[in-house]
file work09.cif (mmCIF, C-alpha atoms)
data_target
#
loop_
_atom_site.label_atom_id
_atom_site.label_comp_id
_atom_site.auth_asym_id
_atom_site.auth_seq_id
_atom_site.Cartn_x
_atom_site.Cartn_y
_atom_site.Cartn_z
CA MET H 1 0.00 0.00 0.00
CA ARG H 2 2.84 2.38 0.73
CA THR H 3 3.86 2.21 -2.94
CA ILE H 4 0.32 3.28 -3.91
CA TYR H 5 0.45 6.17 -1.46
CA HIS H 6 3.78 7.32 -2.90
CA ARG H 7 2.33 7.22 -6.42
CA PHE H 8 -0.67 9.23 -5.24
CA TYR H 9 1.71 11.80 -3.73
CA ARG H 10 3.57 12.12 -7.06
CA LEU H 11 0.29 12.78 -8.88
CA LEU H 12 -0.65 15.71 -6.65
CA PRO H 13 -0.09 19.01 -8.49
CA ILE H 14 1.73 22.02 -7.07
CA ARG H 15 -0.46 25.07 -7.49
CA LYS H 16 1.19 28.47 -7.48
CA ILE H 17 0.81 30.25 -4.13
CA ASN H 18 2.35 33.50 -2.95
CA ALA H 19 4.60 31.78 -0.40
CA ASP H 20 7.60 33.43 1.21
CA SER H 21 10.97 31.93 2.17
CA GLU H 22 10.24 31.76 5.92
CA LEU H 23 8.79 28.27 6.38
CA PHE H 24 7.84 28.88 10.01
CA LEU H 25 6.06 32.19 9.27
CA LEU H 26 2.84 32.48 7.27
CA ASN H 27 1.75 35.43 5.17
CA ASP H 28 -1.90 36.28 4.48
CA ASP H 29 -2.08 34.30 1.22
CA GLU H 30 -0.60 31.21 2.90
CA ILE H 31 -3.03 31.44 5.83
CA ARG H 32 -6.06 31.81 3.52
CA THR H 33 -4.98 28.84 1.41
CA ILE H 34 -4.33 26.61 4.42
CA LYS H 35 -7.63 27.47 6.11
CA ARG H 36 -9.60 26.88 2.89
CA ASN H 37 -7.98 23.48 2.42
CA GLU H 38 -8.53 22.62 6.09
CA ARG H 39 -12.27 23.30 5.83
CA PHE H 40 -12.55 21.13 2.72
CA ALA H 41 -10.54 18.27 4.26
CA ILE H 42 -12.50 18.23 7.53
CA TRP H 43 -15.87 18.15 5.74
CA ALA H 44 -14.61 15.48 3.33
CA ALA H 45 -13.48 13.28 6.24
CA ALA H 46 -16.87 13.71 7.95
CA PHE H 47 -18.59 12.77 4.67
CA PHE H 48 -16.54 9.56 4.43
CA GLY H 49 -17.63 8.64 7.95
CA MET H 50 -21.28 9.35 7.16
CA MET H 51 -21.23 7.32 3.93
CA GLY H 52 -19.47 4.45 5.69
CA VAL H 53 -22.41 4.06 8.10
CA ILE H 54 -25.08 4.57 5.40
CA LEU H 55 -23.49 2.02 3.05
CA LEU H 56 -23.09 -0.45 5.91
CA TYR H 57 -26.67 -0.50 7.17
CA THR H 58 -28.88 0.55 4.23
CA PRO H 59 -28.30 -2.61 2.14
CA GLN H 60 -28.89 -4.79 5.22
CA LEU H 61 -32.24 -3.10 5.89
CA GLU H 62 -33.35 -2.98 2.24
CA TRP H 63 -32.10 -6.39 1.09
CA PRO H 64 -31.67 -8.58 4.18
CA GLN H 65 -31.70 -11.71 1.98
CA LEU H 66 -28.26 -10.70 0.68
CA PHE H 67 -26.78 -10.97 4.17
CA PRO H 68 -27.65 -14.48 5.40
CA SER H 69 -26.20 -15.95 8.58
CA TYR H 70 -24.57 -19.36 8.64
CA THR H 71 -24.90 -21.70 11.58
CA ILE H 72 -21.85 -23.42 12.98
CA ILE H 73 -21.62 -25.87 15.86
CA ALA H 74 -19.08 -25.04 18.56
CA PHE H 75 -18.83 -26.53 22.06
CA GLY H 76 -21.98 -28.50 21.30
CA ARG H 77 -24.05 -25.35 20.65
CA PRO H 78 -25.22 -23.71 17.39
CA PHE H 79 -24.00 -20.19 16.61
CA ALA H 80 -25.33 -17.95 13.83
CA ILE H 81 -22.39 -16.19 12.15
CA PRO H 82 -23.13 -13.36 9.66
CA PHE H 83 -20.15 -14.10 7.41
CA VAL H 84 -21.41 -12.01 4.47
CA MET H 85 -22.01 -8.98 6.66
CA MET H 86 -18.57 -9.36 8.27
CA ILE H 87 -16.81 -9.52 4.88
CA TYR H 88 -18.88 -6.60 3.57
CA SER H 89 -18.07 -4.54 6.67
CA PHE H 90 -14.37 -5.33 6.33
CA ILE H 91 -14.35 -4.18 2.69
CA LEU H 92 -16.13 -0.94 3.59
CA VAL H 93 -13.70 -0.25 6.43
CA MET H 94 -10.69 -0.83 4.17
CA ILE H 95 -12.12 1.51 1.52
CA GLU H 96 -12.82 4.21 4.11
CA ILE H 97 -9.33 3.90 5.63
CA THR H 98 -7.74 4.13 2.17
CA LEU H 99 -9.78 7.21 1.24
CA LEU H 100 -8.94 8.88 4.56
CA THR H 101 -5.25 8.11 4.05
CA PHE H 102 -5.34 9.66 0.56
CA LEU H 103 -7.08 12.69 2.08
CA ASN H 104 -4.48 12.97 4.84
CA ILE H 105 -1.58 12.78 2.37
CA TRP H 106 -3.28 15.46 0.29
CA CYS H 107 -3.66 17.60 3.43
CA ALA H 108 0.04 17.30 4.28
CA HIS H 109 0.99 18.00 0.65
CA GLU H 110 -1.17 21.13 0.45
CA VAL H 111 0.16 22.54 3.73
CA ALA H 112 3.71 21.91 2.48
CA VAL H 113 2.95 23.73 -0.78
CA ALA H 114 1.16 26.62 0.95
CA THR H 115 4.10 27.25 3.30
CA GLY H 116 6.73 27.00 0.54
CA PHE H 117 8.19 23.81 2.02
CA LEU H 118 7.34 21.94 -1.17
CA THR H 119 8.08 23.42 -4.61
CA HIS H 120 8.44 22.22 -8.18
CA ALA H 121 12.19 22.02 -7.61
CA ASN H 122 12.09 19.69 -4.61
CA LYS H 123 8.81 17.77 -5.18
CA GLN H 124 10.75 14.62 -6.08
CA SER H 125 12.94 14.76 -2.97
CA THR H 126 12.82 11.34 -1.29
CA HIS H 127 13.13 12.91 2.15
CA LYS H 128 10.19 15.27 1.65
CA ARG H 129 8.07 12.56 0.04
CA ASN H 130 8.69 10.13 2.91
CA LEU H 131 8.08 12.86 5.49
CA LEU H 132 4.73 13.96 4.04
CA VAL H 133 3.50 10.42 3.39
CA ASP H 134 4.45 9.47 6.97
CA ILE H 135 2.43 12.44 8.25
CA GLY H 136 -0.55 11.22 6.22
CA LEU H 137 -0.12 7.71 7.57
CA GLU H 138 0.28 9.05 11.13
CA LYS H 139 3.52 7.11 11.34
CA LYS H 140 5.73 7.90 14.31
CA ASN H 141 9.39 8.70 13.65
CA LYS H 142 11.31 6.53 16.10
CA GLN H 143 14.77 7.43 14.84
CA GLU H 144 15.46 9.17 18.17
CA LEU H 145 16.23 5.69 19.43
CA LYS H 146 19.41 5.75 17.29
CA TYR H 147 20.69 8.43 19.66
CA GLY H 148 19.65 6.55 22.79
CA ILE H 149 16.73 8.95 23.35
CA ASP H 150 13.62 7.06 24.46
CA PRO H 151 10.40 8.95 25.34
CA LEU H 152 9.00 5.79 26.92
CA GLN H 153 11.85 5.39 29.41
CA GLY H 154 10.44 4.21 32.75
CA ILE H 155 6.84 3.93 31.54
CA ASN H 156 4.58 0.99 32.36
CA LYS H 157 4.45 -0.86 29.01
CA THR H 158 1.30 -2.82 29.93
CA ALA H 159 -0.60 0.37 30.73
CA LEU H 160 0.66 1.92 27.49
CA LEU H 161 -0.53 -1.04 25.38
CA THR H 162 -3.92 -0.99 27.10
CA TRP H 163 -4.34 2.74 26.46
CA ASN H 164 -3.33 2.38 22.79
CA PHE H 165 -5.79 -0.51 22.35
CA PHE H 166 -8.74 1.50 23.66
CA PHE H 167 -7.60 4.54 21.68
CA LEU H 168 -7.77 2.50 18.47
CA LEU H 169 -11.33 1.47 19.37
CA LYS H 170 -12.42 5.01 20.26
CA ALA H 171 -14.93 5.45 17.44
CA THR H 172 -16.49 1.99 17.89
CA LEU H 173 -16.78 2.42 21.67
CA SER H 174 -18.30 5.89 21.26
CA ASN H 175 -20.82 4.46 18.81
CA MET H 176 -21.78 1.68 21.25
CA LEU H 177 -22.26 4.15 24.11
CA PHE H 178 -24.34 6.41 21.88
CA LYS H 179 -26.60 3.48 20.92
CA VAL H 180 -27.06 2.56 24.58
CA LEU H 181 -27.98 6.18 25.33
CA ILE H 182 -30.60 6.19 22.56
CA GLN H 183 -32.04 2.93 23.78
CA ARG H 184 -32.31 4.28 27.32
CA MET H 185 -33.99 7.45 26.07
CA LEU H 186 -36.46 5.76 23.70
CA GLY H 187 -36.89 2.50 25.59
CA ARG H 188 -38.54 -0.39 23.82
CA TYR H 189 -39.92 1.95 21.18
CA ALA H 190 -36.43 2.61 19.80
CA LEU H 191 -36.15 1.43 16.21
CA GLN H 192 -33.14 -0.66 15.21
CA ALA H 193 -32.57 1.62 12.23
CA VAL H 194 -32.40 4.67 14.51
CA LYS H 195 -29.74 2.99 16.65
CA ASP H 196 -27.77 1.82 13.62
CA PHE H 197 -27.72 5.17 11.86
CA ALA H 198 -26.89 7.00 15.08
CA GLY H 199 -23.31 6.00 14.30
CA ILE H 200 -23.25 8.57 11.49
CA PHE H 201 -22.60 11.37 13.96
CA ILE H 202 -19.94 9.45 15.88
CA PHE H 203 -17.89 8.23 12.93
CA SER H 204 -18.22 11.55 11.07
CA ALA H 205 -17.03 13.42 14.14
CA TRP H 206 -14.06 11.10 14.71
CA ASN H 207 -13.04 11.27 11.04
CA ALA H 208 -13.23 15.07 11.09
CA TYR H 209 -11.23 15.19 14.32
CA GLY H 210 -8.58 12.81 12.94
CA THR H 211 -8.13 14.91 9.81
CA LYS H 212 -7.88 18.07 11.90
CA VAL H 213 -5.09 16.41 13.90
CA ILE H 214 -3.26 15.53 10.65
CA LEU H 215 -3.55 19.13 9.42
CA LYS H 216 -2.16 20.43 12.69
CA GLU H 217 0.68 17.89 12.62
CA ALA H 218 1.57 18.85 9.05
CA ARG H 219 1.82 22.50 10.03
CA VAL H 220 3.83 21.72 13.17
CA VAL H 221 6.36 19.50 11.39
CA ILE H 222 6.78 21.64 8.29
CA MET H 223 7.11 24.98 10.07
CA GLY H 224 9.06 23.45 12.95
CA GLN H 225 11.92 22.03 10.90
CA ASN H 226 13.22 25.32 9.55
CA LEU H 227 12.64 27.08 12.89
CA ILE H 228 14.68 24.43 14.71
CA GLU H 229 17.47 24.78 12.14
CA GLN H 230 17.66 28.54 12.67
CA VAL H 231 17.57 28.31 16.47
CA VAL H 232 20.26 25.60 16.58
CA ALA H 233 22.45 27.73 14.30
CA LYS H 234 22.08 30.67 16.70
CA ILE H 235 22.99 28.71 19.83
CA LYS H 236 26.10 27.19 18.29
CA VAL H 237 29.16 28.46 20.16
CA ASP H 238 32.44 29.21 18.41
CA GLN H 239 34.61 27.29 20.83
CA GLU H 240 34.58 23.54 21.32
CA PRO H 241 31.85 22.64 23.85
CA THR H 242 33.02 21.05 27.06
CA PRO H 243 32.23 17.39 27.81
CA GLU H 244 30.08 18.63 30.70
CA PHE H 245 27.96 20.76 28.35
CA LYS H 246 27.60 17.87 25.89
CA SER H 247 26.39 15.67 28.75
CA LEU H 248 23.97 18.40 29.84
CA LEU H 249 22.55 18.71 26.31
CA TYR H 250 22.13 14.93 26.14
CA ASP H 251 20.26 14.96 29.45
CA THR H 252 18.14 17.91 28.31
CA LEU H 253 17.01 16.07 25.17
CA GLN H 254 16.11 12.99 27.23
CA TYR H 255 14.31 15.22 29.77
CA ILE H 256 12.19 16.69 26.95
CA ALA H 257 11.46 13.25 25.49
CA ILE H 258 10.39 11.74 28.81
CA ASN H 259 7.99 14.61 29.45
CA LYS H 260 6.58 14.32 25.91
CA ARG H 261 6.09 10.55 26.22
CA ASP H 262 5.82 10.44 22.45
CA PHE H 263 8.03 10.12 19.39
CA HIS H 264 7.87 13.30 17.32
CA GLN H 265 9.53 14.38 14.10
CA ASN H 266 10.51 17.81 15.44
CA HIS H 267 12.25 16.36 18.49
CA TYR H 268 14.14 13.96 16.23
CA VAL H 269 15.27 16.88 14.02
CA LEU H 270 16.33 18.87 17.10
CA THR H 271 18.28 15.88 18.45
CA LYS H 272 19.95 15.13 15.12
CA MET H 273 21.08 18.74 14.60
CA LEU H 274 22.46 19.15 18.11
CA PHE H 275 24.36 15.86 17.91
CA THR H 276 25.83 16.89 14.55
CA ILE H 277 26.83 20.43 15.50
CA TYR H 278 28.24 19.60 18.93
CA LYS H 279 29.73 16.24 17.84
CA ILE H 280 27.96 14.39 20.66
CA GLU H 281 28.71 10.68 20.68
CA PRO H 282 25.41 8.73 20.76
CA LYS H 283 24.90 5.92 23.25
CA GLU H 284 22.81 2.81 22.72
CA THR H 285 20.63 3.93 25.63
CA HIS H 286 20.81 7.19 27.58
CA PHE H 287 19.11 7.09 30.96
CA LEU H 288 18.09 10.34 32.61
CA GLU H 289 19.22 9.87 36.16
CA GLU H 290 18.03 11.79 39.18
CA GLY H 291 19.88 15.05 39.68
CA TYR H 292 19.40 16.51 36.19
CA LEU H 293 18.04 19.78 37.56
CA ASN H 294 21.01 20.04 39.93
CA LYS H 295 23.32 19.56 36.95
CA LEU H 296 21.40 22.29 35.10
CA LYS H 297 21.69 24.60 38.10
CA ALA H 298 25.47 24.10 38.20
CA ALA H 299 25.91 25.10 34.53
CA ASN H 300 27.06 28.61 33.60
CA GLU H 301 24.45 31.20 32.72
CA GLU H 302 24.82 30.91 28.94
CA GLU H 303 24.57 27.11 28.94
CA LYS H 304 21.63 27.26 31.34
CA LYS H 305 19.72 29.64 29.04
CA ILE H 306 20.36 27.41 26.03
CA CYS H 307 18.97 24.37 27.85
CA ILE H 308 15.91 26.25 29.14
CA LEU H 309 15.18 27.49 25.61
CA LEU H 310 15.52 23.94 24.28
CA ILE H 311 13.13 22.64 26.97
CA ILE H 312 10.48 25.25 26.14
CA MET H 313 10.89 24.63 22.40
CA GLY H 314 10.72 20.89 22.98
CA PHE H 315 7.47 21.32 24.89
CA LEU H 316 5.71 23.57 22.39
CA LEU H 317 7.03 22.45 19.00
CA ASP H 318 4.73 19.44 18.78
CA GLY H 319 1.78 21.82 19.06
CA ASP H 320 0.48 20.47 22.36
CA ILE H 321 1.59 21.26 25.92
CA SER H 322 0.40 18.45 28.19
CA ILE H 323 -0.55 18.58 31.88
CA ARG H 324 2.73 16.79 32.69
CA GLU H 325 4.70 19.51 30.90
CA MET H 326 2.79 22.29 32.63
CA LEU H 327 3.66 20.69 35.97
CA GLN H 328 7.31 20.49 34.94
CA MET H 329 7.30 24.17 33.98
CA HIS H 330 5.76 24.97 37.35
CA GLU H 331 8.66 23.11 39.00
CA LEU H 332 11.19 24.97 36.84
CA ARG H 333 9.64 28.28 37.92
CA ASN H 334 9.80 27.29 41.58
CA LEU H 335 13.50 26.43 41.20
CA GLY H 336 14.21 29.79 39.54
CA PHE H 337 15.03 28.42 36.08
CA LEU H 338 12.00 29.87 34.36
CA ASP H 339 10.32 33.25 34.68
CA LEU H 340 7.64 32.76 32.00
CA GLU H 341 4.07 31.94 32.98
CA THR H 342 2.38 28.92 31.42
CA GLU H 343 -0.11 31.21 29.64
CA THR H 344 2.76 33.06 27.98
CA ILE H 345 4.33 29.84 26.75
CA LYS H 346 0.97 28.59 25.47
CA GLN H 347 0.62 31.89 23.60
CA TYR H 348 4.02 31.26 21.98
CA GLU H 349 2.68 27.83 21.02
CA GLN H 350 -0.37 29.39 19.36
CA ASP H 351 1.80 31.99 17.63
CA PHE H 352 3.95 29.21 16.23
CA LEU H 353 0.91 27.23 15.01
CA ASN H 354 -0.60 30.36 13.43
CA GLY H 355 2.62 31.22 11.62
CA LYS H 356 3.54 34.27 13.70
CA GLY H 357 6.85 32.89 14.94
CA ILE H 358 8.39 32.86 18.41
CA ASP H 359 11.00 35.60 18.04
CA GLY H 360 10.23 36.99 21.51
CA LEU H 361 11.03 33.66 23.13
CA ILE H 362 14.23 33.16 21.14
CA SER H 363 15.57 36.65 21.79
CA LYS H 364 14.90 36.26 25.53
CA TYR H 365 17.39 33.39 25.87
CA LEU H 366 19.88 33.97 23.06
#

call {"tool": "encode", "arguments": {"input": "work09.cif", "output": "structure tokens"}}
result
Amino acid sequence: MRTIYHRFYRLLPIRKINADSELFLLNDDEIRTIKRNERFAIWAAAFFGMMGVILLYTPQLEWPQLFPSYTIIAFGRPFAIPFVMMIYSFILVMIEITLLTFLNIWCAHEVAVATGFLTHANKQSTHKRNLLVDIGLEKKNKQELKYGIDPLQGINKTALLTWNFFFLLKATLSNMLFKVLIQRMLGRYALQAVKDFAGIFIFSAWNAYGTKVILKEARVVIMGQNLIEQVVAKIKVDQEPTPEFKSLLYDTLQYIAINKRDFHQNHYVLTKMLFTIYKIEPKETHFLEEGYLNKLKAANEEEKKICILLIIMGFLLDGDISIREMLQMHELRNLGFLDLETETIKQYEQDFLNGKGIDGLISKYL
């Protein structure tokens, strides 16, 4: 399937847009184009969800003879298995997933074109193609692990798997709860068709939400890459960094990852650039031991500011500051490392997402 998605990407045209050279800043034409495409994509995703439910239940209600059940004997008891309906449902699900994936790749492509990240000159770049297709596929970039950086360090793997399982079933579970609610409200007078088609709202809403997440991720990754490159270039010191500072940077990157608890393209780019510029030797696994904040406190003022800036950037450049990160920033403020309120940092996050840049934050620490 990935080959098909790559071919679809190659077929997408690049329409001329008045884009500027600053990939992390958006002008008025870029903003208008992105918002127009976002509205179309969100409504298209909702439409796919609606049609999925209609095409699933309408034939079963209109032509029930086409969906017979077959009886099998198991454990000495007969069970009616609707094989035809199961196969039909599977086909519909696969079609919907494929259409949504095409839509997501188109979304990422259009954001890349609107921001100037993708042009006629670099459309065939393997790196850009893989990056945008991966965004459309919602594929996590786990290349941080090559540097020994692991966001899941110390996490309960069983709890993580359980959470991911229920997250995958979110739309189905929501639909089941909604049907139960309808049945409770209407009692025995509830029609089966009403309960079945109630799923239209659930699946349409989840599809629209998923596409909105993809659009946000495309903006975050595309605008974040060039911003990270410029910030890393500014913090590069002329003299050779000390081993202590290299160790502090390594710990800082792991500190960001652990608080994020997620693999993200921007954090990988930040890690890769810092390792390259400062010639940091990667380890197979880098554990963040207790005492990191004491090590940060012992650093000189310039190194301390660099690490604080990296922490703030690491928290906001995935477009979502979690409760865990807000608590960490509260601790950093209490220890005297940070003098920015959470609301101010969240405003920088919104400015970044809206293409206004974070110059005020950068100039404060560099």

call {"tool": "closest_residue", "arguments": {"input": "work09.cif", "among": "H:Tyr292, H:Tyr209, H:Phe315, H:Phe40", "to": "H:Ile345", "atoms": "all atoms listed in the file"}}
result
H:Phe315

call {"tool": "resolve_selection", "arguments": {"input": "work09.cif", "expression": "the PyMOL selection byres ((chain H and resi 208) around 7)", "output": "compact mmCIF listing (two decimals) with C-alpha atoms, keeping the file's coordinate frame"}}
result
# COMPACT_ATOMS: atom_id res chain seq x y z
CA ILE H 42 -12.50 18.23 7.53
CA TRP H 43 -15.87 18.15 5.74
CA ALA H 45 -13.48 13.28 6.24
CA ALA H 46 -16.87 13.71 7.95
CA SER H 204 -18.22 11.55 11.07
CA ALA H 205 -17.03 13.42 14.14
CA TRP H 206 -14.06 11.10 14.71
CA ASN H 207 -13.04 11.27 11.04
CA TYR H 209 -11.23 15.19 14.32
CA GLY H 210 -8.58 12.81 12.94
CA THR H 211 -8.13 14.91 9.81
CA LYS H 212 -7.88 18.07 11.90

call {"tool": "atom_distance", "arguments": {"input": "work09.cif", "atom1": "atom CA of H:Gln265", "atom2": "atom CA of H:Thr344"}}
result
24.2 Å

call {"tool": "closest_residue", "arguments": {"input": "work09.cif", "among": "H:Ile81, H:Leu248, H:Ile87, H:Leu327", "to": "H:Gly291", "atoms": "all atoms listed in the file"}}
result
H:Leu248

call {"tool": "residues_around", "arguments": {"input": "work09.cif", "residues": "H:Glu349", "least_positions_apart": "5", "cutoff": "8 Å", "atoms": "only C-alpha atoms", "output": "list in words"}}
result
Leu316, Leu317, Gly319 and Asp320 of chain H

call {"tool": "residues_around", "arguments": {"input": "work09.cif", "residues": "stretch 229-236 of chain H", "least_positions_apart": "3", "cutoff": "10 Å", "atoms": "all atoms listed in the file", "output": "list in words"}}
result
Gly224, Gln225, Asn226, Gln239, Glu240, Pro241, Val269, Leu270, Met273, Leu274, Ile277, Tyr278, Glu302, Glu303, Lys305, Ile306, Cys307, Leu309, Leu310, Met313, Asp359, Ile362, Tyr365 and Leu366 of chain H

call {"tool": "closest_residue", "arguments": {"input": "work09.cif", "among": "H:Lys128, H:Lys304, H:Arg219, H:Lys272", "to": "H:Gln350", "atoms": "only C-alpha atoms"}}
result
H:Arg219

call {"tool": "atom_distance", "arguments": {"input": "work09.cif", "atom1": "atom CA of H:Leu340", "atom2": "atom CA of H:Leu361"}}
result
9.5 Å

call {"tool": "decode", "arguments": {"input": "work09.cif", "residues": "stretch 87-110 of chain H", "atoms": "N, CA and C atoms", "output": "tab-separated table (two decimals), in the first residue's frame"}}
result
chain	number	residue	atom	x	y	z
H	87	ILE	N	-17.69	-9.79	6.03
H	87	ILE	CA	-16.81	-9.52	4.88
H	87	ILE	C	-17.14	-8.17	4.26
H	88	TYR	N	-18.44	-7.88	4.12
H	88	TYR	CA	-18.88	-6.60	3.57
H	88	TYR	C	-18.40	-5.43	4.43
H	89	SER	N	-18.52	-5.58	5.75
H	89	SER	CA	-18.07	-4.54	6.67
H	89	SER	C	-16.57	-4.32	6.55
H	90	PHE	N	-15.82	-5.43	6.46
H	90	PHE	CA	-14.37	-5.33	6.33
H	90	PHE	C	-13.98	-4.57	5.07
H	91	ILE	N	-14.65	-4.87	3.96
H	91	ILE	CA	-14.35	-4.18	2.69
H	91	ILE	C	-14.64	-2.69	2.81
H	92	LEU	N	-15.78	-2.35	3.42
H	92	LEU	CA	-16.13	-0.94	3.59
H	92	LEU	C	-15.11	-0.21	4.46
H	93	VAL	N	-14.68	-0.86	5.53
H	93	VAL	CA	-13.70	-0.25	6.43
H	93	VAL	C	-12.39	-0.01	5.68
H	94	MET	N	-11.94	-0.98	4.90
H	94	MET	CA	-10.69	-0.83	4.17
H	94	MET	C	-10.78	0.31	3.15
H	95	ILE	N	-11.94	0.42	2.48
H	95	ILE	CA	-12.12	1.51	1.52
H	95	ILE	C	-12.09	2.86	2.22
H	96	GLU	N	-12.79	2.94	3.37
H	96	GLU	CA	-12.82	4.21	4.11
H	96	GLU	C	-11.43	4.59	4.61
H	97	ILE	N	-10.68	3.62	5.14
H	97	ILE	CA	-9.33	3.90	5.63
H	97	ILE	C	-8.44	4.38	4.49
H	98	THR	N	-8.56	3.73	3.33
H	98	THR	CA	-7.74	4.13	2.17
H	98	THR	C	-8.08	5.54	1.72
H	99	LEU	N	-9.38	5.85	1.64
H	99	LEU	CA	-9.78	7.21	1.24
H	99	LEU	C	-9.30	8.25	2.25
H	100	LEU	N	-9.41	7.94	3.53
H	100	LEU	CA	-8.94	8.88	4.56
H	100	LEU	C	-7.43	9.07	4.48
H	101	THR	N	-6.70	8.00	4.17
H	101	THR	CA	-5.25	8.11	4.05
H	101	THR	C	-4.88	8.99	2.86
H	102	PHE	N	-5.57	8.79	1.72
H	102	PHE	CA	-5.34	9.66	0.56
H	102	PHE	C	-5.63	11.12	0.93
H	103	LEU	N	-6.72	11.32	1.66
H	103	LEU	CA	-7.08	12.69	2.08
H	103	LEU	C	-6.02	13.27	2.99
H	104	ASN	N	-5.50	12.48	3.92
H	104	ASN	CA	-4.48	12.97	4.84
H	104	ASN	C	-3.18	13.31	4.12
H	105	ILE	N	-2.79	12.48	3.15
H	105	ILE	CA	-1.58	12.78	2.37
H	105	ILE	C	-1.78	14.06	1.57
H	106	TRP	N	-2.98	14.22	1.01
H	106	TRP	CA	-3.28	15.46	0.29
H	106	TRP	C	-3.20	16.66	1.23
H	107	CYS	N	-3.72	16.51	2.44
H	107	CYS	CA	-3.66	17.60	3.43
H	107	CYS	C	-2.21	18.00	3.70
H	108	ALA	N	-1.37	17.01	3.99
H	108	ALA	CA	0.04	17.30	4.28
H	108	ALA	C	0.72	17.94	3.09
H	109	HIS	N	0.41	17.45	1.89
H	109	HIS	CA	0.99	18.00	0.65
H	109	HIS	C	0.59	19.45	0.47
H	110	GLU	N	-0.69	19.77	0.67
H	110	GLU	CA	-1.17	21.13	0.45
H	110	GLU	C	-0.61	22.11	1.47
